file entry.cif (mmCIF, C-alpha atoms)
data_entry
#
loop_
_atom_site.label_atom_id
_atom_site.label_comp_id
_atom_site.auth_asym_id
_atom_site.auth_seq_id
_atom_site.Cartn_x
_atom_site.Cartn_y
_atom_site.Cartn_z
CA MET A 1126 103.92 123.42 107.84
CA HIS A 1127 107.55 122.78 107.04
CA LEU A 1128 109.68 119.76 106.17
CA SER A 1129 110.86 119.48 109.75
CA ALA A 1130 107.40 118.09 110.59
CA LEU A 1131 108.00 115.25 108.11
CA SER A 1132 111.51 114.44 109.29
CA SER A 1133 112.65 111.85 111.79
CA ALA A 1134 114.51 112.75 114.97
CA THR A 1135 117.73 112.23 112.99
CA GLY A 1136 116.76 114.76 110.31
CA LEU A 1137 116.08 112.13 107.64
CA MET A 1138 112.81 111.61 105.77
CA GLU A 1139 111.07 108.23 105.74
CA MET A 1140 107.87 108.90 103.87
CA VAL A 1141 105.05 106.54 102.91
CA ARG A 1142 102.45 107.25 100.22
CA LEU A 1143 98.79 106.77 101.11
CA ASP A 1144 97.56 108.82 98.17
CA GLU A 1145 97.61 106.18 95.41
CA ALA A 1146 94.04 104.87 95.72
CA LEU A 1147 93.55 104.49 91.97
CA LYS A 1148 96.78 102.60 91.43
CA LEU A 1149 96.06 100.46 94.49
CA SER A 1150 92.54 99.68 93.26
CA GLU A 1151 93.93 98.52 89.92
CA ALA A 1152 96.41 96.20 91.61
CA MET A 1153 93.71 94.82 93.89
CA GLY A 1154 91.09 94.48 91.15
CA ALA A 1155 88.70 96.53 93.29
CA ALA A 1156 86.89 99.32 91.45
CA LEU A 1157 86.59 102.62 93.29
CA ASP A 1158 83.16 103.27 91.73
CA ASP A 1159 81.84 100.10 93.37
CA VAL A 1160 80.84 100.32 97.04
CA GLY A 1161 82.48 97.03 97.97
CA GLY A 1162 85.61 97.78 95.95
CA LYS A 1163 85.97 101.23 97.49
CA GLN A 1164 85.66 99.74 100.97
CA LEU A 1165 88.44 97.24 100.24
CA VAL A 1166 90.74 99.98 98.92
CA GLN A 1167 90.04 102.18 101.92
CA GLN A 1168 90.73 99.26 104.24
CA ALA A 1169 94.08 98.75 102.50
CA ILE A 1170 94.90 102.45 102.92
CA LYS A 1171 93.96 102.33 106.58
CA ASN A 1172 96.02 99.17 107.10
CA LEU A 1173 98.99 100.81 105.37
CA GLN A 1174 98.63 103.83 107.61
CA GLN A 1175 98.57 101.62 110.69
CA ALA A 1176 101.70 99.84 109.46
CA ALA A 1177 103.49 103.16 108.92
CA ARG A 1178 102.23 105.39 111.73
CA LYS A 1179 104.84 104.50 114.36
CA ASP A 1180 107.92 104.42 112.15
CA ALA A 1181 107.45 106.58 109.05
CA SER A 1182 108.38 110.22 109.59
CA GLY A 1183 105.77 111.49 107.11
CA LEU A 1184 102.76 110.43 105.06
CA ILE A 1185 101.55 111.56 101.63
CA VAL A 1186 97.75 111.77 101.56
CA ASP A 1187 94.99 112.92 99.23
CA PRO A 1188 91.84 114.82 100.23
CA GLN A 1189 89.37 112.30 98.82
CA TYR A 1190 90.32 108.76 99.85
CA SER A 1191 93.05 108.73 102.48
CA TYR A 1192 92.86 111.90 104.57
CA PRO A 1193 89.20 111.43 105.59
CA LEU A 1194 90.17 108.04 107.04
CA LEU A 1195 93.03 109.48 109.09
CA LYS A 1196 92.23 112.99 110.23
CA SER A 1197 90.74 111.88 113.55
CA ASP A 1198 94.04 110.19 114.48
CA GLN A 1199 95.88 112.50 116.87
CA LYS A 1200 99.19 110.63 116.62
CA LEU A 1201 99.86 110.81 112.89
CA PRO A 1202 103.29 111.66 111.49
CA GLY A 1203 103.59 114.88 109.51
CA LEU A 1204 101.40 115.06 106.41
CA ALA A 1205 102.01 116.14 102.84
CA PHE A 1206 98.92 116.61 100.68
CA ARG A 1207 98.79 115.77 96.99
CA LEU A 1208 97.86 118.67 94.71
CA HIS A 1209 97.41 116.77 91.44
CA GLN A 1210 94.64 114.44 90.35
CA GLN A 1211 95.46 110.85 91.19
CA LEU A 1212 97.08 108.75 88.50
CA GLY A 1213 96.75 105.04 87.81
CA SER A 1214 99.27 102.66 86.33
CA THR A 1215 98.75 104.13 82.85
CA VAL A 1216 100.14 107.66 82.71
CA ASP A 1217 100.55 110.02 79.79
CA PRO A 1218 103.87 111.69 80.63
CA LEU A 1219 103.18 114.45 78.11
CA ALA A 1220 100.03 115.58 79.89
CA ILE A 1221 100.01 118.82 81.85
CA PRO A 1222 99.39 118.05 85.55
CA SER A 1223 95.71 118.35 86.42
CA LEU A 1224 95.16 119.83 89.87
CA ILE A 1225 92.45 118.59 92.21
CA GLN A 1226 89.33 120.72 92.03
CA ASP A 1227 88.14 122.57 95.13
CA TRP A 1228 91.48 121.87 96.76
CA GLY A 1229 94.80 123.62 96.81
CA VAL A 1230 97.61 125.28 98.70
CA GLU A 1231 95.35 127.27 101.03
CA ALA A 1232 93.42 124.13 101.99
CA ILE A 1233 96.69 122.33 102.66
CA ARG A 1234 97.83 125.15 104.93
CA ASN A 1235 94.51 125.03 106.77
CA ASN A 1236 95.06 121.31 107.39
CA TYR A 1237 98.63 121.87 108.65
CA GLY A 1238 100.31 120.06 105.77
CA VAL A 1239 103.05 120.36 103.18
CA ALA A 1240 102.20 120.52 99.45
CA PHE A 1241 103.14 117.61 97.16
CA LEU A 1242 103.18 117.50 93.36
CA GLU A 1243 104.20 114.65 91.06
CA LEU A 1244 105.54 115.84 87.71
CA HIS A 1245 106.38 113.78 84.63
CA TYR A 1246 108.94 115.85 82.78
CA HIS A 1247 111.59 115.88 80.08
CA PRO A 1248 113.68 118.97 79.34
CA SER A 1249 113.16 118.69 75.58
CA GLU A 1250 109.39 118.16 75.57
CA ALA A 1251 107.12 120.67 73.87
CA ASP A 1252 105.32 121.61 77.09
CA ALA A 1253 108.39 121.87 79.29
CA LEU A 1254 107.90 125.61 79.75
CA ARG A 1255 104.25 125.23 80.70
CA LYS A 1256 105.11 122.55 83.26
CA LYS A 1257 107.84 124.74 84.73
CA GLN A 1258 105.36 127.60 84.98
CA ILE A 1259 102.96 125.40 86.98
CA VAL A 1260 105.76 124.40 89.36
CA THR A 1261 106.83 128.03 89.71
CA GLU A 1262 103.31 129.24 90.43
CA LEU A 1263 102.67 126.52 93.00
CA ALA A 1264 106.00 127.17 94.70
CA ASP A 1265 105.26 130.90 94.87
CA TYR A 1266 101.81 130.24 96.32
CA CYS A 1267 103.24 127.85 98.92
CA HIS A 1268 105.81 130.48 99.91
CA HIS A 1269 103.03 133.05 100.23
CA GLU A 1270 101.00 130.71 102.46
CA GLY A 1271 104.03 129.78 104.55
CA ILE A 1272 104.20 126.05 103.75
CA ASP A 1273 106.89 123.93 102.14
CA PHE A 1274 106.61 122.29 98.73
CA ILE A 1275 107.73 118.77 97.70
CA LEU A 1276 108.24 117.96 94.03
CA SER A 1277 108.33 114.34 92.91
CA LEU A 1278 110.19 114.62 89.59
CA ILE A 1279 109.80 111.75 87.13
CA VAL A 1280 112.01 112.04 84.07
CA TYR A 1281 110.63 109.89 81.27
CA THR A 1282 112.13 108.57 78.02
CA PRO A 1283 110.45 110.16 74.98
CA ALA A 1284 108.46 107.74 72.83
CA THR A 1285 110.78 108.40 69.89
CA GLU A 1286 113.82 107.16 71.83
CA GLU A 1287 115.06 103.87 73.21
CA PHE A 1288 116.03 104.04 76.87
CA ASN A 1289 119.70 104.89 77.24
CA SER A 1290 121.28 105.27 80.67
CA GLN A 1291 123.58 108.14 79.70
CA ARG A 1292 120.74 110.10 78.06
CA PHE A 1293 118.52 109.49 81.08
CA GLN A 1294 121.19 110.75 83.47
CA GLU A 1295 121.78 113.83 81.33
CA ALA A 1296 118.06 114.55 81.11
CA GLN A 1297 117.57 114.04 84.85
CA LEU A 1298 120.44 116.36 85.71
CA THR A 1299 119.15 119.03 83.30
CA ALA A 1300 115.64 118.72 84.74
CA ILE A 1301 117.03 119.09 88.26
CA GLN A 1302 118.96 122.18 87.23
CA GLU A 1303 115.82 123.70 85.70
CA LEU A 1304 113.52 122.99 88.66
CA ARG A 1305 115.77 122.92 91.74
CA ALA A 1306 115.02 126.51 92.76
CA PHE A 1307 111.34 125.88 93.51
CA PRO A 1308 110.76 122.95 95.94
CA GLN A 1309 112.14 122.53 99.42
CA LEU A 1310 112.50 118.78 98.77
CA LEU A 1311 112.91 116.71 95.61
CA ALA A 1312 111.83 113.07 95.32
CA LEU A 1313 113.79 111.46 92.49
CA GLN A 1314 114.23 108.24 90.58
CA TYR A 1315 117.49 106.46 91.23
CA PRO A 1316 120.17 108.14 89.07
CA LEU A 1317 121.33 104.62 88.00
CA ASP A 1318 124.77 104.56 89.66
CA PRO A 1319 126.51 105.91 92.77
CA LEU A 1320 128.56 108.54 90.91
CA SER A 1321 125.43 110.01 89.34
CA ALA A 1322 123.72 110.03 92.74
CA ALA A 1323 126.66 111.97 94.17
CA THR A 1324 126.48 114.37 91.20
CA VAL A 1325 122.79 114.99 91.89
CA THR A 1326 123.59 115.76 95.54
CA ALA A 1327 126.33 118.20 94.54
CA GLU A 1328 123.94 119.93 92.14
CA LEU A 1329 121.30 120.64 94.80
CA ASP A 1330 120.93 123.18 97.57
CA VAL A 1331 117.86 121.32 98.86
CA PRO A 1332 117.62 117.70 100.05
CA TRP A 1333 116.51 114.84 97.82
CA ILE A 1334 114.98 111.48 98.65
CA LEU A 1335 114.66 108.30 96.62
CA SER A 1336 111.25 107.57 95.09
CA ASP A 1337 110.27 103.93 94.62
CA MET A 1338 108.66 104.41 91.19
CA GLY A 1339 106.91 101.04 91.41
CA LEU A 1340 110.17 99.09 91.73
CA GLU A 1341 110.39 95.61 93.16
CA TYR A 1342 111.27 95.63 96.84
CA GLU A 1343 114.71 93.96 96.80
CA PRO A 1344 116.21 96.18 94.05
CA PHE A 1345 114.77 99.25 95.78
CA LYS A 1346 116.61 98.41 99.00
CA GLY A 1347 119.93 98.32 97.15
CA MET A 1348 119.20 101.59 95.38
CA LEU A 1349 118.24 103.19 98.67
CA ARG A 1350 121.54 102.22 100.27
CA GLU A 1351 123.54 103.59 97.34
CA SER A 1352 121.48 106.80 97.30
CA LEU A 1353 121.94 107.36 101.03
CA GLU A 1354 125.65 106.69 100.75
CA ASN A 1355 125.84 109.44 98.14
CA GLY A 1356 123.79 112.16 99.75
CA ALA A 1357 120.10 111.28 99.65
CA LYS A 1358 118.18 112.08 102.82
CA GLY A 1359 115.56 109.34 102.84
CA PHE A 1360 112.89 107.64 100.79
CA LEU A 1361 109.39 108.01 99.39
CA ALA A 1362 107.76 104.58 99.28
CA GLY A 1363 104.31 103.56 98.13
CA GLU A 1364 103.83 100.82 95.59
CA VAL A 1365 107.03 99.05 96.63
CA ILE A 1366 105.32 98.30 99.96
CA TRP A 1367 102.05 96.88 98.63
CA LYS A 1368 102.97 95.73 95.12
CA ASP A 1369 102.88 92.04 96.10
CA LEU A 1370 99.40 92.33 97.60
CA SER A 1371 97.93 91.22 94.27
CA LYS A 1372 99.70 87.86 94.69
CA GLU A 1373 97.47 87.19 97.69
CA LYS A 1374 94.30 86.93 95.60
CA ASP A 1375 92.35 83.69 95.93
CA GLN A 1376 91.31 81.40 93.06
CA ALA A 1377 88.45 83.76 92.21
CA ALA A 1378 90.99 86.61 91.86
CA LEU A 1379 89.60 88.30 94.95
CA LEU A 1380 91.15 89.76 98.09
CA SER A 1381 89.34 89.28 101.38
CA PRO A 1382 89.47 91.86 104.20
CA ASP A 1383 91.36 89.33 106.33
CA THR A 1384 93.96 88.84 103.59
CA ILE A 1385 94.47 92.59 103.24
CA ASP A 1386 94.83 92.99 106.99
CA ARG A 1387 97.29 90.08 107.22
CA TYR A 1388 99.42 91.42 104.36
CA PHE A 1389 99.90 94.86 105.90
CA THR A 1390 100.50 93.58 109.42
CA THR A 1391 103.23 91.26 108.16
CA ILE A 1392 104.84 92.02 104.78
CA GLY A 1393 103.85 95.68 104.62
CA ARG A 1394 104.92 96.40 108.18
CA ASP A 1395 108.21 94.51 107.78
CA ARG A 1396 109.09 96.44 104.62
CA ILE A 1397 108.48 99.81 106.22
CA LEU A 1398 110.54 98.84 109.26
CA GLU A 1399 113.43 97.64 107.11
CA LEU A 1400 113.45 100.76 104.93
CA VAL A 1401 113.45 102.94 108.04
CA ARG A 1402 116.26 100.87 109.58
CA ILE A 1403 118.36 101.18 106.42
CA THR A 1404 117.78 104.93 106.31
CA GLU A 1405 118.65 105.41 109.99
CA GLU A 1406 122.04 103.80 109.36
CA TYR A 1407 122.87 107.09 107.67
CA GLU A 1408 121.87 109.28 110.60
CA GLU A 1409 123.15 112.79 110.20
CA LYS A 1410 126.04 113.54 112.53
#
call {"tool": "encode", "arguments": {"input": "entry.cif", "output": "structure tokens"}}
result
Amino acid sequence: MHLSALSSATGLMEMVRLDEALKLSEAMGAALDDVGGKQLVQQAIKNLQQAARKDASGLIVDPQYSYPLLKSDQKLPGLAFRLHQQLGSTVDPLAIPSLIQDWGVEAIRNNYGVAFLELHYHPSEADALRKKQIVTELADYCHHEGIDFILSLIVYTPATEEFNSQRFQEAQLTAIQELRAFPQLLALQYPLDPLSAATVTAELDVPWILSDMGLEYEPFKGMLRESLENGAKGFLAGEVIWKDLSKEKDQAALLSPDTIDRYFTTIGRDRILELVRITEEYEEK
């Protein structure tokens, strides 16, 4: 499977994440190890898929929670399958990515998908070489199996430093330079300003898309426009679509199935449609 299967008719990529069950469960207050909680999370995933299926060009899924709910649907967009263990809202950026057991590139090929890896990375970290080796090995394996590889690159600020925009931009650009040879698509944080976005585009021989990174919806829309204006080819949206679902809890801090369904058929659906509309304004000529 290649990126063309995850692209819209205009050649842009409008991708929605269905693979964040753990993060979604935390936001909903529904534990995945509880039968009722798992059912609510799976309902939310299914509702999100229904909201995205007609307009998103591609979906990111995982083999445990989302794909089993969807694989009988014959009209799905193209699929990218997550390789790494799912992460919640608390992430150790220094940790080496842990790959899903009994799952991998060959299984993704057999399910007609593209491979997807999320990597927390900083060029100066102690394990930078080991992380690059993992990316290299996965990219080589994907090439061997004849499928494309998407890398979601998250550049973090080391704990010993205060966030500084110039240092972040320098670190992001260095990380891109170190890893750009391996994926066929990069999903990136917003480079903070239009000039830096244009610099990222000039640095790459492969397309890049804007990752939501848990941003609020309104700021993300502005960043998406600026990214598209300066060379980005689409978006990767997950939490930005359902982040406000937690506000729908009742007085007992619970979400009912009806509330979940209503959220995704209104707010969730509207957000996906608007992000797609914004992206299609930049249709490739």
call {"tool": "resolve_selection", "arguments": {"input": "entry.cif", "expression": "the PyMOL selection byres ((chain A and resi 1370) around 12)", "output": "PyMOL selection string"}}
result
chain A and resi 1149-1154+1166+1169+1173+1364-1369+1371-1375+1378-1382+1384-1393
call {"tool": "write_last_selection", "arguments": {"input": "entry.cif", "atoms": "C-alpha atoms", "output": "short mmCIF file (atom, residue, chain, number, x, y, z; two decimals), in the frame of the given file"}}
result
data_model
loop_
_atom_site.label_atom_id
_atom_site.label_comp_id
_atom_site.auth_asym_id
_atom_site.auth_seq_id
_atom_site.Cartn_x
_atom_site.Cartn_y
_atom_site.Cartn_z
CA LEU A 1149 96.06 100.46 94.49
CA SER A 1150 92.54 99.68 93.26
CA GLU A 1151 93.93 98.52 89.92
CA ALA A 1152 96.41 96.20 91.61
CA MET A 1153 93.71 94.82 93.89
CA GLY A 1154 91.09 94.48 91.15
CA VAL A 1166 90.74 99.98 98.92
CA ALA A 1169 94.08 98.75 102.50
CA LEU A 1173 98.99 100.81 105.37
CA GLU A 1364 103.83 100.82 95.59
CA VAL A 1365 107.03 99.05 96.63
CA ILE A 1366 105.32 98.30 99.96
CA TRP A 1367 102.05 96.88 98.63
CA LYS A 1368 102.97 95.73 95.12
CA ASP A 1369 102.88 92.04 96.10
CA SER A 1371 97.93 91.22 94.27
CA LYS A 1372 99.70 87.86 94.69
CA GLU A 1373 97.47 87.19 97.69
CA LYS A 1374 94.30 86.93 95.60
CA ASP A 1375 92.35 83.69 95.93
CA ALA A 1378 90.99 86.61 91.86
CA LEU A 1379 89.60 88.30 94.95
CA LEU A 1380 91.15 89.76 98.09
CA SER A 1381 89.34 89.28 101.38
CA PRO A 1382 89.47 91.86 104.20
CA THR A 1384 93.96 88.84 103.59
CA ILE A 1385 94.47 92.59 103.24
CA ASP A 1386 94.83 92.99 106.99
CA ARG A 1387 97.29 90.08 107.22
CA TYR A 1388 99.42 91.42 104.36
CA PHE A 1389 99.90 94.86 105.90
CA THR A 1390 100.50 93.58 109.42
CA THR A 1391 103.23 91.26 108.16
CA ILE A 1392 104.84 92.02 104.78
CA GLY A 1393 103.85 95.68 104.62
#
call {"tool": "resolve_selection", "arguments": {"input": "entry.cif", "expression": "the PyMOL selection byres ((chain A and resi 1296-1309) around 7)", "output": "VMD selection string"}}
result
chain A and resid 1247 to 1248 1261 1264 1273 to 1276 1280 1292 to 1295 1310 to 1311 1325 1329 1331
call {"tool": "residues_around", "arguments": {"input": "entry.cif", "residues": "stretch 1346-1348 of chain A", "least_positions_apart": "2", "cutoff": "9 Å", "atoms": "only C-alpha atoms", "output": "PyMOL selection string"}}
result
chain A and resi 1315+1317-1319+1335+1341-1344+1350-1353+1399-1400+1403
call {"tool": "resolve_selection", "arguments": {"input": "entry.cif", "expression": "the PyMOL selection byres ((chain A and resi 1181-1186) around 8)", "output": "PyMOL selection string"}}
result
chain A and resi 1130-1133+1138-1144+1177-1180+1187-1188+1191-1192+1202-1207+1241+1397+1401
call {"tool": "closest_residue", "arguments": {"input": "entry.cif", "among": "A:Gln1164, A:Asn1236, A:Val1260, A:Gly1229", "to": "A:Lys1196", "atoms": "all atoms listed in the file"}}
result
A:Asn1236
call {"tool": "closest_residue", "arguments": {"input": "entry.cif", "among": "A:Ser1336, A:Thr1282, A:Gln1189, A:Ser1249", "to": "A:Gln1314", "atoms": "only C-alpha atoms"}}
result
A:Ser1336
call {"tool": "residues_near_point", "arguments": {"input": "entry.cif", "point": "(98.7, 118.2, 91.0)", "cutoff": "8 Å", "atoms": "only C-alpha atoms", "output": "ChimeraX atom specification"}}
result
/A:1207-1210,1222-1225,1241-1244
call {"tool": "atom_distance", "arguments": {"input": "entry.cif", "atom1": "atom CA of A:Ala1362", "atom2": "atom CA of A:Asp1395"}}
result
13.2 Å
call {"tool": "atom_distance", "arguments": {"input": "entry.cif", "atom1": "atom CA of A:Asp1252", "atom2": "atom CA of A:Tyr1281"}}
result
13.5 Å
call {"tool": "closest_residue", "arguments": {"input": "entry.cif", "among": "A:Asn1289, A:Ser1277, A:Gln1175, A:Ser1321", "to": "A:Ile1334", "atoms": "all atoms listed in the file"}}
result
A:Ser1277
call {"tool": "residues_around", "arguments": {"input": "entry.cif", "residues": "A:Arg1234", "least_positions_apart": "4", "cutoff": "7 Å", "atoms": "only C-alpha atoms", "output": "PyMOL selection string"}}
result
chain A and resi 1126+1230+1238+1270+1272
call {"tool": "closest_residue", "arguments": {"input": "entry.cif", "among": "A:Glu1286, A:Asp1383, A:Glu1354, A:Glu1145", "to": "A:Gln1211", "atoms": "only C-alpha atoms"}}
result
A:Glu1145
call {"tool": "atom_distance", "arguments": {"input": "entry.cif", "atom1": "atom CA of A:Val1160", "atom2": "atom CA of A:Pro1193"}}
result
16.3 Å
call {"tool": "closest_residue", "arguments": {"input": "entry.cif", "among": "A:Leu1212, A:Ala1323, A:Ile1170, A:Leu1165", "to": "A:Leu1194", "atoms": "all atoms listed in the file"}}
result
A:Ile1170
call {"tool": "closest_residue", "arguments": {"input": "entry.cif", "among": "A:Ala1176, A:Ala1134, A:Leu1263, A:Leu1128", "to": "A:Glu1405", "atoms": "all atoms listed in the file"}}
result
A:Ala1134
